[in-house]
Amino acid sequence: MRRLRIATADRPISRIALDVGPDRGGELGAWAALTAGEARDLANLLLRHAGLAERGAEPAGPGREAAP
């Protein structure tokens, strides 16, 4: 994980670059570029789900596969 900053003429673009590792076929270089807000949302979801996993509970609401 690292910060990615792209300088542009009008304003810089900042992203959090997250290396998610190789895909199922073994191809290297899979990564995600998140805005600061997206990174915070992901961190919050990860922490919530980690807590649920520790307690053996299921998350409330539909799973990811049920999302449109």
# chains A, B, ... in the order shown; residues from 1 in each chain; ligands from 1

$ residues_around --residues "Ala33 of chain A" --least-positions-apart "6" --cutoff "6 Å" --atoms "only C-alpha atoms" --output "MDAnalysis selection string"
chainID A and resid 15:17

$ select_by_dssp --residues "chain A" --states "strand (DSSP E or B)" --output "list of chain:residue names"
A:Arg2, A:Arg3, A:Leu4, A:Arg5, A:Ile6, A:Ile13, A:Ser14, A:Arg15, A:Ile16, A:Ala17, A:Leu18, A:Asp19, A:Val20, A:Gly21, A:Ala30, A:Trp31, A:Ala32, A:Ala33, A:Leu34

$ residues_around --residues "Arg48 of chain A" --least-positions-apart "4" --cutoff "12 Å" --atoms "only C-alpha atoms" --output "PyMOL selection string"
chain A and resi 41-44+52-55+57-60
